[in-house]
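First the structure, in the form of C-alpha cells, and then the observations on it.
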Amino acid sequence: MTDFERDLKLQLAKEAGRVPGMPHDLSSRIVAGAAPQPATWLRAAPVAVAALFVAAVGLALLNAHPPRNAGPSLGAASSPSPSLEPSPAPTGPAASAPAGLLGPFVCGPGAQGGTTSATGNLTAVRVAHQAGFDRVTFEFAGTGLPPYSVARQAGTGFTEDASGRAVSLRGDQGMKITFHGASGQGTYNGSTDIILPPALGAADTLAEVRQIGDFERVLSWAAGMNSPTCTRVVELASPSRLVIDVAKAAG
Amino acid sequence: MLMEPAMDNLLERCRSGDREAFALLVDRYGLMVLRTARMIVRDPDLAEDVCQETLLKFWRHLSSLRGADPGPWLNRMAANEAISAWRRRHRLDTLRERLGMDRAESSAVSTEARLDLGRAIDRLKVEERAVVVLHYHQDLSVEDTARALGVPVDTAKSRLKTALRRLRELTGNEEN
C-alpha cells in the first residue's frame, strides 16, 4: 500500500468518525416503519385457527362430561398466566431482574470480557439518561473489543494513571472501567470528563464519567453514581462497543 | 459479563415479527450502515434516508436472508442503495457524467486549485466512491467489492484505478 493509499484510508476513517452514533430518532423511525411480517401471519394463522378449534372442542367435551374428581371447569383458569409487564429495575444489592434481550441487570462486584488478542483505539464515548437506566458506551476502531474489566467500588475516589494523582468524581458510588491494549490517543477527540445533567423527573444514577488514564495501552475510565445500583454489560460489534447500563433506583 | 443475544436467535425473533429484536439489530448494525451511506452520498440527510431504506429492506427480506451474520448483506445493500439514492438526487449530474462533461470541467479546476483529500473524494463519481469506500474503508478485496456492487471484477479494478488517479490529480499528489 502506498503512502497515498494510507492517507486515503485515514481520511475515510476520519469521515466515519464524524458520524459518532446512530441518531436515536432515526433508529426509532426505522423500527416504527417495520410493518408486521406478512409471512409470519400467513404461517401463524392456520396454526392459531387449529389451536382455537381444538381448544373449543376440548372445552365443550369437558364441560359436557366432567371427569371424576375434577376440579374447577377449564372455563375458569386456576393458575395465573405469566405477566407480560416488564420487570422493574433492581434496587437492592442482591437483586437481579430480567430485562429483555439485552439480559438482566446484575448486582455483583464487576464484570470482564473482550477479545484477548484485540487491540482498540477509542473513537467515542457516549453517555445518556434512558428510561429506567443510564447508559455509557465506549466505541473502538481496531481489531475488536479489547479485553476489559468493570469494577465497582464504594466511593468515587480514583487514582489517575500514570500520574498517581487522586481524583474524586461526583456521586457516592464508583465504577472503574479498564481496557487493555487500548488507547484514545490520536483517535478520541471528545470530552474526557463528562458530567451528566440530572434527568427530569427521574432518579438519575450516573453523575459523571471521566478518563483517569491512557498510558502504555492501558485505558482507564471511571464513573461516579448517585446510588448503589446494578449494571448490565453488553458487547456490541460493527463497530466494537462496550455498553454499560446502570439501573436507576426506583423512586 | 453478558454477551449480546446470539445472532441466530435475534434473526429468528425478527422473522417472527419481534420488533424489539429488530431494534437490537438496528442498534448493532445501524451505525455501520449509516457511515457507509454517508461516505458514499456525502450528505447527512440523504445518508439517513439510505440507512432507513436499507434496514427496512433488510426487515422485509429477512425470510430469504441466508447466513448467520447479516453484516455483509447490509453492507452490500447500503452501498447499492447509496448509489441509487445519489443518482436519484443528482439526475442532472448523472447525465453530465454520462456525457463526459464533468471530467473536462473538473480537470480545469484541478489545475487552478489543489483540493484536500475530503473534497477530492466529493468530486469522484458515485460509483468510484463506492468502490473506494468498500475497498479502503471496509477492507474488502477487489473481488468482494465487485461482488458487493454486482459488477465484474475488471470493472471494480478499473473504477478503483480511475478513482485513485483522479484523487491524485485533484490533490496534486502525483504518482512517483
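Going through the C-alpha cells in order, the chains are called A, B, and so on, while each chain numbers its residues from 1 and the ligands are numbered from 1 in the order shown.
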
Contact residues around Asp134 in chain A with only C-alpha atoms at 8 Å, ignoring same-chain residues under 5 positions, as a PDB file with N, CA and C atoms, in the first residue's frame:
ATOM      1  N   VAL A 127     -22.666   9.074  26.711  1.00  0.00           N
ATOM      2  CA  VAL A 127     -23.337   8.877  27.991  1.00  0.00           C
ATOM      3  C   VAL A 127     -24.720   9.500  27.897  1.00  0.00           C
ATOM      4  N   ALA A 128     -25.731   8.797  28.384  1.00  0.00           N
ATOM      5  CA  ALA A 128     -27.086   9.350  28.282  1.00  0.00           C
ATOM      6  C   ALA A 128     -27.996   8.745  29.332  1.00  0.00           C
ATOM      7  N   HIS A 129     -28.968   9.540  29.746  1.00  0.00           N
ATOM      8  CA  HIS A 129     -30.037   9.013  30.585  1.00  0.00           C
ATOM      9  C   HIS A 129     -31.035   8.298  29.675  1.00  0.00           C
ATOM     10  N   ASP A 204     -32.008   9.840  38.600  1.00  0.00           N
ATOM     11  CA  ASP A 204     -30.815   9.585  37.796  1.00  0.00           C
ATOM     12  C   ASP A 204     -29.684   9.036  38.651  1.00  0.00           C
ATOM     13  N   THR A 205     -28.932   8.184  38.048  1.00  0.00           N
ATOM     14  CA  THR A 205     -27.910   7.453  38.794  1.00  0.00           C
ATOM     15  C   THR A 205     -26.510   7.873  38.392  1.00  0.00           C
ATOM     16  N   LEU A 206     -26.246   7.890  37.087  1.00  0.00           N
ATOM     17  CA  LEU A 206     -24.907   8.211  36.603  1.00  0.00           C
ATOM     18  C   LEU A 206     -24.695   9.725  36.674  1.00  0.00           C
ATOM     19  N   ASP A 245     -24.999  -0.389  31.108  1.00  0.00           N
ATOM     20  CA  ASP A 245     -26.251   0.211  31.572  1.00  0.00           C
ATOM     21  C   ASP A 245     -26.269   0.173  33.094  1.00  0.00           C
ATOM     22  N   VAL A 246     -26.599   1.290  33.670  1.00  0.00           N
ATOM     23  CA  VAL A 246     -26.664   1.391  35.140  1.00  0.00           C
ATOM     24  C   VAL A 246     -28.131   1.594  35.513  1.00  0.00           C
ATOM     25  N   ALA A 247     -28.690   0.635  36.225  1.00  0.00           N
ATOM     26  CA  ALA A 247     -30.119   0.715  36.563  1.00  0.00           C
ATOM     27  C   ALA A 247     -30.381   1.904  37.472  1.00  0.00           C
ATOM     28  N   LYS A 248     -31.476   2.591  37.193  1.00  0.00           N
ATOM     29  CA  LYS A 248     -31.835   3.717  38.053  1.00  0.00           C
ATOM     30  C   LYS A 248     -32.537   3.199  39.300  1.00  0.00           C
TER      31      LYS A 248
END

(request) Using only C-alpha atoms, find which residues of chain B lie within 9 Å of chain A and jot them down as a PyMOL selection string. (result) chain B and resi 1-5+10+14-24+26-32+34-36+38-39+48+51-53+55-56+59-60+63+71+117-118+132-133+136-137+164+168+173+175

(message) as a VMD selection string, please: the residues near range 122-126 of chain A (cut-off 8 Å, only C-alpha atoms, same-chain neighbours under 5 positions excluded).
(response) chain A and resid 17 20 135 to 141 182 to 185 187 to 190

(request) Work out how far CA of Leu115 in chain B is from CA of Gly172 in chain B, in Å to one decimal. (result) 7.8 Å

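In this comparison, which uses only C-alpha atoms, the residue of A:Leu169, A:Ala151, A:Ile177, A:Val218 approaching Ile195 in chain A most closely is A:Leu169.
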
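Coordinates place CA of Asn80 in chain B at a distance of 17.8 Å from CA of Ile121 in chain B.
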
(message) as a PyMOL selection string, please: the residues near Ala156 in chain B (cut-off 8 Å, only C-alpha atoms, same-chain neighbours under 4 positions excluded).
(response) chain B and resi 131+142-143+145-146+151-152+160

Store the residues picked out above in a file with N, CA and C atoms, as a compact mmCIF listing (two decimals), in the first residue's frame.
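Written output follows (result.txt):
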# COMPACT_ATOMS: atom_id res chain seq x y z
N VAL B 131 -16.65 2.15 -4.62
CA VAL B 131 -15.54 1.19 -4.69
C VAL B 131 -14.44 1.58 -3.70
N VAL B 142 -10.77 -6.60 -3.86
CA VAL B 142 -11.37 -6.09 -5.10
C VAL B 142 -12.47 -7.04 -5.55
N GLU B 143 -12.22 -8.34 -5.40
CA GLU B 143 -13.21 -9.34 -5.81
C GLU B 143 -14.50 -9.19 -4.98
N THR B 145 -15.44 -6.54 -3.36
CA THR B 145 -16.05 -5.25 -3.69
C THR B 145 -16.90 -5.37 -4.94
N ALA B 146 -16.35 -6.06 -5.94
CA ALA B 146 -17.09 -6.26 -7.19
C ALA B 146 -18.38 -7.04 -6.91
N VAL B 151 -20.87 -5.96 -9.94
CA VAL B 151 -20.19 -5.61 -11.20
C VAL B 151 -19.05 -6.60 -11.43
N PRO B 152 -18.60 -6.73 -12.69
CA PRO B 152 -17.45 -7.62 -12.94
C PRO B 152 -16.20 -7.11 -12.20
N LEU B 160 -11.48 1.55 -9.42
CA LEU B 160 -10.53 1.84 -8.36
C LEU B 160 -9.31 2.59 -8.90
